$ cat run_33.cif   # mmCIF, C-alpha atoms, pLDDT in the B column; chains and numbers go by the auth columns
data_protein
loop_
_atom_site.group_PDB
_atom_site.id
_atom_site.type_symbol
_atom_site.label_atom_id
_atom_site.label_comp_id
_atom_site.label_asym_id
_atom_site.label_seq_id
_atom_site.Cartn_x
_atom_site.Cartn_y
_atom_site.Cartn_z
_atom_site.B_iso_or_equiv
_atom_site.auth_seq_id
_atom_site.auth_asym_id
ATOM 1 C CA MET A 1 -27.660 103.533 -25.744 96.00 524 A
ATOM 2 C CA LYS A 2 -30.604 103.163 -28.112 98.00 525 A
ATOM 3 C CA LEU A 3 -32.122 106.470 -29.170 98.00 526 A
ATOM 4 C CA THR A 4 -35.469 106.948 -30.923 98.00 527 A
ATOM 5 C CA LEU A 5 -36.131 110.418 -32.327 98.00 528 A
ATOM 6 C CA LEU A 6 -39.849 110.976 -32.962 98.00 529 A
ATOM 7 C CA ARG A 7 -41.506 113.911 -34.703 98.00 530 A
ATOM 8 C CA HIS A 8 -44.870 115.028 -33.352 98.00 531 A
ATOM 9 C CA GLY A 9 -48.184 114.374 -35.106 98.00 532 A
ATOM 10 C CA ARG A 10 -49.952 116.679 -37.533 97.00 533 A
ATOM 11 C CA SER A 11 -50.527 120.096 -36.017 97.00 534 A
ATOM 12 C CA ARG A 12 -52.981 122.918 -36.591 96.00 535 A
ATOM 13 C CA ALA A 13 -50.261 124.991 -38.294 95.00 536 A
ATOM 14 C CA ASP A 14 -49.987 122.296 -40.981 91.00 537 A
ATOM 15 C CA ASP A 15 -53.674 122.819 -41.816 93.00 538 A
ATOM 16 C CA GLU A 16 -53.345 126.609 -41.583 93.00 539 A
ATOM 17 C CA GLY A 17 -50.455 126.647 -44.053 90.00 540 A
ATOM 18 C CA VAL A 18 -48.319 128.895 -41.864 95.00 541 A
ATOM 19 C CA HIS A 19 -44.732 128.754 -40.683 95.00 542 A
ATOM 20 C CA GLU A 20 -44.527 126.774 -37.490 95.00 543 A
ATOM 21 C CA GLY A 21 -41.213 126.931 -35.628 95.00 544 A
ATOM 22 C CA ARG A 22 -42.025 128.487 -32.265 95.00 545 A
ATOM 23 C CA TYR A 23 -45.689 129.003 -33.190 95.00 546 A
ATOM 24 C CA ASP A 24 -47.259 126.892 -30.471 96.00 547 A
ATOM 25 C CA SER A 25 -50.033 125.100 -32.332 95.00 548 A
ATOM 26 C CA PRO A 26 -51.639 121.953 -30.886 97.00 549 A
ATOM 27 C CA LEU A 27 -52.233 118.635 -32.604 98.00 550 A
ATOM 28 C CA THR A 28 -55.201 118.275 -34.925 98.00 551 A
ATOM 29 C CA ASP A 29 -57.599 115.349 -34.630 98.00 552 A
ATOM 30 C CA VAL A 30 -55.500 113.650 -37.320 97.00 553 A
ATOM 31 C CA GLY A 31 -52.344 114.275 -35.302 98.00 554 A
ATOM 32 C CA CYS A 32 -53.933 112.818 -32.168 98.00 555 A
ATOM 33 C CA GLU A 33 -54.991 109.720 -34.105 97.00 556 A
ATOM 34 C CA GLN A 34 -51.475 109.326 -35.531 98.00 557 A
ATOM 35 C CA ALA A 35 -50.075 109.442 -32.001 98.00 558 A
ATOM 36 C CA ARG A 36 -52.624 106.914 -30.711 98.00 559 A
ATOM 37 C CA ARG A 37 -51.809 104.544 -33.580 98.00 560 A
ATOM 38 C CA LEU A 38 -48.101 104.681 -32.801 98.00 561 A
ATOM 39 C CA ALA A 39 -48.726 104.173 -29.087 98.00 562 A
ATOM 40 C CA ALA A 40 -50.908 101.153 -29.858 98.00 563 A
ATOM 41 C CA TYR A 41 -48.220 99.749 -32.160 98.00 564 A
ATOM 42 C CA TRP A 42 -45.589 100.133 -29.463 98.00 565 A
ATOM 43 C CA GLN A 43 -47.903 98.555 -26.882 97.00 566 A
ATOM 44 C CA ALA A 44 -48.219 95.519 -29.156 97.00 567 A
ATOM 45 C CA ASN A 45 -44.495 95.593 -30.057 97.00 568 A
ATOM 46 C CA PRO A 46 -42.755 96.925 -26.925 96.00 569 A
ATOM 47 C CA PRO A 47 -39.686 98.984 -27.850 96.00 570 A
ATOM 48 C CA GLY A 48 -38.244 98.755 -24.345 96.00 571 A
ATOM 49 C CA PHE A 49 -37.963 102.488 -23.657 98.00 572 A
ATOM 50 C CA ASP A 50 -36.609 103.424 -20.209 96.00 573 A
ATOM 51 C CA ARG A 51 -37.667 107.045 -20.298 96.00 574 A
ATOM 52 C CA ALA A 52 -38.852 109.818 -22.617 98.00 575 A
ATOM 53 C CA TYR A 53 -37.968 113.457 -23.218 98.00 576 A
ATOM 54 C CA CYS A 54 -40.028 115.985 -25.141 98.00 577 A
ATOM 55 C CA SER A 55 -40.186 119.555 -26.341 98.00 578 A
ATOM 56 C CA THR A 56 -42.350 121.900 -24.280 98.00 579 A
ATOM 57 C CA LEU A 57 -44.296 123.059 -27.368 98.00 580 A
ATOM 58 C CA LYS A 58 -47.863 121.723 -27.368 98.00 581 A
ATOM 59 C CA ARG A 59 -47.703 119.530 -30.471 98.00 582 A
ATOM 60 C CA ALA A 60 -44.693 117.601 -29.223 98.00 583 A
ATOM 61 C CA GLN A 61 -45.804 117.477 -25.603 98.00 584 A
ATOM 62 C CA GLN A 62 -49.243 116.126 -26.566 98.00 585 A
ATOM 63 C CA THR A 63 -47.636 113.441 -28.744 98.00 586 A
ATOM 64 C CA ALA A 64 -45.208 112.492 -25.991 98.00 587 A
ATOM 65 C CA GLN A 65 -47.934 112.288 -23.358 98.00 588 A
ATOM 66 C CA VAL A 66 -49.838 109.750 -25.465 98.00 589 A
ATOM 67 C CA MET A 67 -46.686 107.601 -25.633 98.00 590 A
ATOM 68 C CA ALA A 68 -45.808 108.048 -21.965 98.00 591 A
ATOM 69 C CA GLU A 69 -49.278 107.086 -20.763 97.00 592 A
ATOM 70 C CA ALA A 70 -49.564 104.068 -23.072 97.00 593 A
ATOM 71 C CA LEU A 71 -46.088 102.760 -22.207 97.00 594 A
ATOM 72 C CA ALA A 72 -45.895 103.885 -18.544 97.00 595 A
ATOM 73 C CA LEU A 73 -42.813 105.991 -19.274 97.00 596 A
ATOM 74 C CA PRO A 74 -41.349 108.741 -17.123 96.00 597 A
ATOM 75 C CA LEU A 75 -41.520 111.905 -19.257 98.00 598 A
ATOM 76 C CA THR A 76 -39.186 114.903 -18.979 97.00 599 A
ATOM 77 C CA PRO A 77 -40.197 118.050 -20.900 98.00 600 A
ATOM 78 C CA SER A 78 -37.340 120.374 -21.840 98.00 601 A
ATOM 79 C CA ASP A 79 -37.132 123.746 -23.585 98.00 602 A
ATOM 80 C CA LEU A 80 -33.889 122.491 -25.148 98.00 603 A
ATOM 81 C CA LEU A 81 -35.980 120.269 -27.447 98.00 604 A
ATOM 82 C CA ARG A 82 -38.151 123.058 -28.862 98.00 605 A
ATOM 83 C CA GLU A 83 -38.221 123.678 -32.609 98.00 606 A
ATOM 84 C CA TRP A 84 -35.897 126.229 -34.212 97.00 607 A
ATOM 85 C CA ASP A 85 -36.729 129.775 -33.143 97.00 608 A
ATOM 86 C CA ASN A 86 -37.802 131.294 -36.454 96.00 609 A
ATOM 87 C CA GLY A 87 -38.438 134.742 -34.979 95.00 610 A
ATOM 88 C CA PRO A 88 -41.158 136.758 -36.735 96.00 611 A
ATOM 89 C CA LEU A 89 -41.947 133.921 -39.163 95.00 612 A
ATOM 90 C CA ALA A 90 -43.726 131.935 -36.424 96.00 613 A
ATOM 91 C CA GLY A 91 -47.407 131.701 -37.339 95.00 614 A
ATOM 92 C CA MET A 92 -46.978 133.812 -40.490 95.00 615 A
ATOM 93 C CA ASN A 93 -48.629 132.932 -43.785 93.00 616 A
ATOM 94 C CA ARG A 94 -45.991 131.474 -46.101 92.00 617 A
ATOM 95 C CA GLU A 95 -46.631 133.858 -49.002 92.00 618 A
ATOM 96 C CA GLU A 96 -46.586 136.884 -46.704 94.00 619 A
ATOM 97 C CA ALA A 97 -43.418 135.605 -45.065 94.00 620 A
ATOM 98 C CA LEU A 98 -41.660 135.146 -48.403 93.00 621 A
ATOM 99 C CA ALA A 99 -42.598 138.680 -49.447 94.00 622 A
ATOM 100 C CA LYS A 100 -41.473 140.266 -46.179 94.00 623 A
ATOM 101 C CA TYR A 101 -38.487 137.992 -45.481 94.00 624 A
ATOM 102 C CA PRO A 102 -37.169 136.688 -48.831 93.00 625 A
ATOM 103 C CA ILE A 103 -34.766 133.776 -48.471 90.00 626 A
ATOM 104 C CA PRO A 104 -31.249 135.210 -48.782 90.00 627 A
ATOM 105 C CA ALA A 105 -28.798 133.781 -51.296 93.00 628 A
ATOM 106 C CA PHE A 106 -26.447 133.212 -48.370 94.00 629 A
ATOM 107 C CA ARG A 107 -26.924 133.298 -44.619 93.00 630 A
ATOM 108 C CA HIS A 108 -23.937 132.824 -42.353 95.00 631 A
ATOM 109 C CA ASP A 109 -24.278 130.275 -39.566 95.00 632 A
ATOM 110 C CA LEU A 110 -23.818 133.143 -37.091 97.00 633 A
ATOM 111 C CA ASP A 111 -26.596 135.290 -38.624 96.00 634 A
ATOM 112 C CA PRO A 112 -30.058 135.327 -37.018 96.00 635 A
ATOM 113 C CA PHE A 113 -32.828 133.318 -38.687 95.00 636 A
ATOM 114 C CA THR A 114 -34.290 136.532 -40.176 94.00 637 A
ATOM 115 C CA GLN A 115 -33.225 140.165 -40.278 93.00 638 A
ATOM 116 C CA ASP A 116 -35.703 140.754 -37.423 95.00 639 A
ATOM 117 C CA GLY A 117 -34.562 137.938 -35.182 95.00 640 A
ATOM 118 C CA GLY A 118 -34.628 134.236 -34.541 96.00 641 A
ATOM 119 C CA GLU A 119 -31.929 131.688 -33.750 97.00 642 A
ATOM 120 C CA SER A 120 -28.751 131.424 -35.764 97.00 643 A
ATOM 121 C CA GLN A 121 -27.733 128.003 -37.043 95.00 644 A
ATOM 122 C CA ALA A 122 -24.795 128.200 -34.646 97.00 645 A
ATOM 123 C CA ALA A 123 -27.144 128.706 -31.689 98.00 646 A
ATOM 124 C CA ILE A 124 -29.310 125.801 -32.854 97.00 647 A
ATOM 125 C CA ARG A 125 -26.244 123.549 -33.062 97.00 648 A
ATOM 126 C CA VAL A 126 -25.240 124.493 -29.512 98.00 649 A
ATOM 127 C CA ARG A 127 -28.756 123.724 -28.281 98.00 650 A
ATOM 128 C CA ALA A 128 -28.770 120.382 -30.109 98.00 651 A
ATOM 129 C CA LEU A 129 -25.574 119.391 -28.308 98.00 652 A
ATOM 130 C CA GLN A 130 -27.023 120.510 -24.969 98.00 653 A
ATOM 131 C CA ALA A 131 -30.148 118.433 -25.633 98.00 654 A
ATOM 132 C CA LEU A 132 -28.040 115.392 -26.481 98.00 655 A
ATOM 133 C CA GLU A 133 -26.013 115.900 -23.314 98.00 656 A
ATOM 134 C CA LEU A 134 -29.247 116.059 -21.287 98.00 657 A
ATOM 135 C CA VAL A 135 -30.362 112.718 -22.719 97.00 658 A
ATOM 136 C CA TRP A 136 -26.891 111.113 -22.478 97.00 659 A
ATOM 137 C CA GLN A 137 -26.497 112.003 -18.822 96.00 660 A
ATOM 138 C CA GLY A 138 -30.121 111.503 -17.792 95.00 661 A
ATOM 139 C CA GLY A 139 -29.999 107.788 -17.134 89.00 662 A
ATOM 140 C CA GLY A 140 -31.528 104.929 -19.081 91.00 663 A
ATOM 141 C CA GLU A 141 -30.259 103.033 -22.096 96.00 664 A
ATOM 142 C CA ASP A 142 -33.309 103.067 -24.390 98.00 665 A
ATOM 143 C CA ILE A 143 -34.568 106.604 -24.816 98.00 666 A
ATOM 144 C CA LEU A 144 -37.476 108.199 -26.693 98.00 667 A
ATOM 145 C CA VAL A 145 -37.133 111.858 -27.702 98.00 668 A
ATOM 146 C CA VAL A 146 -40.224 113.649 -29.067 98.00 669 A
ATOM 147 C CA SER A 147 -39.432 116.878 -30.847 98.00 670 A
ATOM 148 C CA HIS A 148 -39.720 118.629 -34.227 98.00 671 A
ATOM 149 C CA GLY A 149 -38.513 117.993 -37.762 97.00 672 A
ATOM 150 C CA GLY A 150 -35.998 120.809 -37.888 97.00 673 A
ATOM 151 C CA PHE A 151 -34.552 120.245 -34.451 98.00 674 A
ATOM 152 C CA LEU A 152 -34.386 116.464 -34.814 98.00 675 A
ATOM 153 C CA ASN A 153 -32.375 117.103 -37.971 98.00 676 A
ATOM 154 C CA SER A 154 -30.017 119.291 -35.951 97.00 677 A
ATOM 155 C CA MET A 155 -29.559 116.534 -33.373 98.00 678 A
ATOM 156 C CA LEU A 156 -28.867 113.955 -36.081 97.00 679 A
ATOM 157 C CA ARG A 157 -26.363 116.223 -37.806 96.00 680 A
ATOM 158 C CA GLU A 158 -24.416 116.642 -34.575 96.00 681 A
ATOM 159 C CA LEU A 159 -24.471 112.919 -33.832 96.00 682 A
ATOM 160 C CA LEU A 160 -23.414 111.914 -37.335 96.00 683 A
ATOM 161 C CA GLY A 161 -21.080 114.801 -38.161 93.00 684 A
ATOM 162 C CA VAL A 162 -23.100 115.670 -41.271 92.00 685 A
ATOM 163 C CA GLN A 163 -23.079 119.422 -41.578 87.00 686 A
ATOM 164 C CA HIS A 164 -25.573 119.946 -44.390 85.00 687 A
ATOM 165 C CA GLY A 165 -27.507 116.679 -44.526 89.00 688 A
ATOM 166 C CA TRP A 166 -31.298 116.580 -44.255 95.00 689 A
ATOM 167 C CA PHE A 167 -33.298 113.640 -42.910 96.00 690 A
ATOM 168 C CA ALA A 168 -36.993 113.046 -43.574 96.00 691 A
ATOM 169 C CA PHE A 169 -39.307 113.306 -40.549 97.00 692 A
ATOM 170 C CA GLU A 170 -42.973 113.150 -41.501 97.00 693 A
ATOM 171 C CA ASP A 171 -45.773 113.245 -38.898 97.00 694 A
ATOM 172 C CA THR A 172 -45.216 110.665 -36.101 98.00 695 A
ATOM 173 C CA ARG A 173 -42.335 109.094 -37.977 98.00 696 A
ATOM 174 C CA PHE A 174 -39.110 108.347 -36.225 98.00 697 A
ATOM 175 C CA ALA A 175 -35.405 107.607 -36.573 98.00 698 A
ATOM 176 C CA THR A 176 -33.502 105.001 -34.570 98.00 699 A
ATOM 177 C CA LEU A 177 -29.845 105.024 -33.561 98.00 700 A
ATOM 178 C CA HIS A 178 -27.368 103.128 -31.415 98.00 701 A
ATOM 179 C CA LEU A 179 -24.755 105.182 -29.534 97.00 702 A
ATOM 180 C CA SER A 180 -21.700 103.562 -28.018 96.00 703 A
ATOM 181 C CA ARG A 181 -20.746 104.619 -24.497 95.00 704 A
ATOM 182 C CA THR A 182 -17.133 103.481 -25.026 96.00 705 A
ATOM 183 C CA SER A 183 -16.412 105.181 -28.377 95.00 706 A
ATOM 184 C CA HIS A 184 -17.774 107.936 -30.614 94.00 707 A
ATOM 185 C CA THR A 185 -19.510 105.381 -32.811 95.00 708 A
ATOM 186 C CA VAL A 186 -23.096 106.147 -33.840 97.00 709 A
ATOM 187 C CA MET A 187 -25.084 103.655 -35.928 97.00 710 A
ATOM 188 C CA LEU A 188 -28.149 104.997 -37.722 97.00 711 A
ATOM 189 C CA THR A 189 -30.538 102.042 -38.014 97.00 712 A
ATOM 190 C CA GLY A 190 -33.670 103.688 -39.455 97.00 713 A
ATOM 191 C CA VAL A 191 -35.080 107.003 -40.716 97.00 714 A
ATOM 192 C CA ASN A 192 -38.680 108.187 -41.233 98.00 715 A
ATOM 193 C CA LEU A 193 -40.064 104.901 -39.895 98.00 716 A
ATOM 194 C CA ALA A 194 -43.850 104.525 -39.691 97.00 717 A
ATOM 195 C CA PRO A 195 -44.855 100.917 -38.964 97.00 718 A
ATOM 196 C CA HIS A 196 -48.086 102.210 -37.427 97.00 719 A
ATOM 197 C CA LEU A 197 -49.374 104.015 -40.531 92.00 720 A
ATOM 198 C CA PRO A 198 -51.016 102.470 -43.614 84.00 721 A
ATOM 199 C CA GLU A 199 -48.831 102.572 -46.715 73.00 722 A
#

$ encode --input "run_33.cif" --output "structure tokens"
Amino acid sequence: MKLTLLRHGRSRADDEGVHEGRYDSPLTDVGCEQARRLAAYWQANPPGFDRAYCSTLKRAQQTAQVMAEALALPLTPSDLLREWDNGPLAGMNREEALAKYPIPAFRHDLDPFTQDGGESQAAIRVRALQALELVWQGGGEDILVVSHGGFLNSMLRELLGVQHGWFAFEDTRFATLHLSRTSHTVMLTGVNLAPHLPE
């Protein structure tokens, strides 16, 4: 199986300077243009996708719809692909958030995201595995997944067995992988790719 993990385009929360997570902000005009550029690139250089999956949050769903329409792809939205649930931080100004919810020196993987709620890292890992299972069992051998920087990192960590690694995912950039169906082998072939954007 070939797997392409794509982060959504620039969203309103990026311009607002607030925590995003489950804050459901749409794409900006810049984000829409980024998505159109990538769709046009893939139209000119067909990646061969069989189907696409996306988060149900607006910024990812809008990005995915641009791809699906341009490439005539069946698109399956799933709550499993939503960004990390950051509880009360969603939509909060970053300075205010840091004052009210200072980053702890240590947070156990079983602790909630903040003292007032949000997903634990353990819960995120479980959801990442469920999302991968959805894609693995959903049919097709060349799959596009449109999601969010944090959650795509969680998926990659589970696939690669890298507990604390972090992979770059800028706006409408993507990672590519090959997964064997006859072994546990995963080959990471690209990270933070952006052939559609000017350097």

$ residues_around --input "run_33.cif" --residues "segment 631-644 of chain A" --least-positions-apart "2" --cutoff "12 Å" --atoms "all atoms listed in the file" --output "CSV table (one decimal) with C-alpha atoms, in the coordinates of the input"
chain,number,residue,atom,x,y,z
A,544,GLY,CA,-41.2,126.9,-35.6
A,545,ARG,CA,-42.0,128.5,-32.3
A,605,ARG,CA,-38.2,123.1,-28.9
A,606,GLU,CA,-38.2,123.7,-32.6
A,607,TRP,CA,-35.9,126.2,-34.2
A,608,ASP,CA,-36.7,129.8,-33.1
A,609,ASN,CA,-37.8,131.3,-36.5
A,610,GLY,CA,-38.4,134.7,-35.0
A,611,PRO,CA,-41.2,136.8,-36.7
A,612,LEU,CA,-41.9,133.9,-39.2
A,613,ALA,CA,-43.7,131.9,-36.4
A,620,ALA,CA,-43.4,135.6,-45.1
A,621,LEU,CA,-41.7,135.1,-48.4
A,623,LYS,CA,-41.5,140.3,-46.2
A,624,TYR,CA,-38.5,138.0,-45.5
A,625,PRO,CA,-37.2,136.7,-48.8
A,626,ILE,CA,-34.8,133.8,-48.5
A,627,PRO,CA,-31.2,135.2,-48.8
A,628,ALA,CA,-28.8,133.8,-51.3
A,629,PHE,CA,-26.4,133.2,-48.4
A,646,ALA,CA,-27.1,128.7,-31.7
A,647,ILE,CA,-29.3,125.8,-32.9
A,648,ARG,CA,-26.2,123.5,-33.1
A,649,VAL,CA,-25.2,124.5,-29.5
A,650,ARG,CA,-28.8,123.7,-28.3
A,651,ALA,CA,-28.8,120.4,-30.1
A,673,GLY,CA,-36.0,120.8,-37.9
A,674,PHE,CA,-34.6,120.2,-34.5
A,676,ASN,CA,-32.4,117.1,-38.0
A,677,SER,CA,-30.0,119.3,-36.0
A,680,ARG,CA,-26.4,116.2,-37.8
A,686,GLN,CA,-23.1,119.4,-41.6
A,687,HIS,CA,-25.6,119.9,-44.4

$ closest_residue --input "run_33.cif" --among "A:Gln557, A:Glu664, A:Met615, A:Leu675" --to "Leu603 of chain A" --atoms "all atoms listed in the file"
A:Leu675

$ closest_residue --input "run_33.cif" --among "A:Cys555, A:Val709, A:Ile666, A:Leu716" --to "Glu693 of chain A" --atoms "only C-alpha atoms"
A:Leu716

$ resolve_selection --input "run_33.cif" --expression "the PyMOL selection byres ((chain A and resi 719) around 7)" --output "PyMOL selection string"
chain A and resi 560-561+564+717-718+720-721

$ atom_distance --input "run_33.cif" --atom1 "atom CA of Gln585 of chain A" --atom2 "atom CA of Ser534 of chain A"
10.3 Å

$ residues_around --input "run_33.cif" --residues "segment 590-592 of chain A" --least-positions-apart "2" --cutoff "9 Å" --atoms "all atoms listed in the file" --output "MDAnalysis selection string"
chainID A and resid 558:559 561:563 565 574:575 585:588 594:598

$ resolve_selection --input "run_33.cif" --expression "the PyMOL selection byres ((chain A and resi 699) around 6)" --output "PDB file with C-alpha atoms, in the coordinates of the input"
ATOM      1  CA  LEU A 526     -32.122 106.470 -29.170  1.00 98.00           C
ATOM      2  CA  THR A 527     -35.469 106.948 -30.923  1.00 98.00           C
ATOM      3  CA  ALA A 698     -35.405 107.607 -36.573  1.00 98.00           C
ATOM      4  CA  LEU A 700     -29.845 105.024 -33.561  1.00 98.00           C
ATOM      5  CA  THR A 712     -30.538 102.042 -38.014  1.00 97.00           C
ATOM      6  CA  GLY A 713     -33.670 103.688 -39.455  1.00 97.00           C
TER       7      GLY A 713
END

$ axis_aligned_box --input "run_33.cif" --around "segment 636-653 of chain A" --padding-each-side "5 Å" --output "AutoDock Vina command-line options"
--center_x -30.2 --center_y 130.1 --center_z -32.6 --size_x 20.9 --size_y 31.4 --size_z 25.3

$ residues_around --input "run_33.cif" --residues "Leu682 of chain A" --least-positions-apart "6" --cutoff "9 Å" --atoms "only C-alpha atoms" --output "list in words"
Leu652, Leu655, Leu702, His707 and Val709 of chain A

$ write_last_selection --input "run_33.cif" --atoms "C-alpha atoms" --output "PDB file, in the frame of the given file"
ATOM      1  CA  LEU A 652     -25.574 119.391 -28.308  1.00 98.00           C
ATOM      2  CA  LEU A 655     -28.040 115.392 -26.481  1.00 98.00           C
ATOM      3  CA  LEU A 702     -24.755 105.182 -29.534  1.00 97.00           C
ATOM      4  CA  HIS A 707     -17.774 107.936 -30.614  1.00 94.00           C
ATOM      5  CA  VAL A 709     -23.096 106.147 -33.840  1.00 97.00           C
TER       6      VAL A 709
END

$ residues_around --input "run_33.cif" --residues "Cys577 of chain A" --least-positions-apart "6" --cutoff "8 Å" --atoms "all atoms listed in the file" --output "mmCIF file with C-alpha atoms, keeping the file's coordinate frame"
data_model
loop_
_atom_site.group_PDB
_atom_site.id
_atom_site.type_symbol
_atom_site.label_atom_id
_atom_site.label_comp_id
_atom_site.auth_asym_id
_atom_site.auth_seq_id
_atom_site.Cartn_x
_atom_site.Cartn_y
_atom_site.Cartn_z
ATOM 1 C CA ALA A 583 -44.693 117.601 -29.223
ATOM 2 C CA GLN A 584 -45.804 117.477 -25.603
ATOM 3 C CA ALA A 587 -45.208 112.492 -25.991
ATOM 4 C CA LEU A 598 -41.520 111.905 -19.257
ATOM 5 C CA THR A 599 -39.186 114.903 -18.979
ATOM 6 C CA PRO A 600 -40.197 118.050 -20.900
ATOM 7 C CA SER A 601 -37.340 120.374 -21.840
ATOM 8 C CA LEU A 604 -35.980 120.269 -27.447
ATOM 9 C CA VAL A 668 -37.133 111.858 -27.702
ATOM 10 C CA VAL A 669 -40.224 113.649 -29.067
ATOM 11 C CA SER A 670 -39.432 116.878 -30.847
#

$ resolve_selection --input "run_33.cif" --expression "the PyMOL selection byres ((chain A and resi 572) around 7)" --output "list in words"
Pro570, Gly571, Asp573, Arg574, Asp665, Ile666 and Leu667 of chain A

$ write_last_selection --input "run_33.cif" --atoms "C-alpha atoms" --output "PDB file, in the frame of the given file"
ATOM      1  CA  PRO A 570     -39.686  98.984 -27.850  1.00 96.00           C
ATOM      2  CA  GLY A 571     -38.244  98.755 -24.345  1.00 96.00           C
ATOM      3  CA  ASP A 573     -36.609 103.424 -20.209  1.00 96.00           C
ATOM      4  CA  ARG A 574     -37.667 107.045 -20.298  1.00 96.00           C
ATOM      5  CA  ASP A 665     -33.309 103.067 -24.390  1.00 98.00           C
ATOM      6  CA  ILE A 666     -34.568 106.604 -24.816  1.00 98.00           C
ATOM      7  CA  LEU A 667     -37.476 108.199 -26.693  1.00 98.00           C
TER       8      LEU A 667
END

$ atom_distance --input "run_33.cif" --atom1 "atom CA of Met524 of chain A" --atom2 "atom CA of Leu580 of chain A"
25.7 Å

$ residues_around --input "run_33.cif" --residues "Glu539 of chain A" --least-positions-apart "4" --cutoff "10 Å" --atoms "only C-alpha atoms" --output "VMD selection string"
chain A and resid 534 to 535 543 548 614 to 617

$ closest_residue --input "run_33.cif" --among "A:Gly672, A:Gly540, A:Gly554, A:Gly662" --to "Phe690 of chain A" --atoms "all atoms listed in the file"
A:Gly672

$ atom_distance --input "run_33.cif" --atom1 "atom CA of Glu722 of chain A" --atom2 "atom CA of Ala536 of chain A"
24.0 Å

$ closest_residue --input "run_33.cif" --among "A:Leu528, A:Gln660, A:Ala645, A:His671" --to "Asp547 of chain A" --atoms "only C-alpha atoms"
A:His671
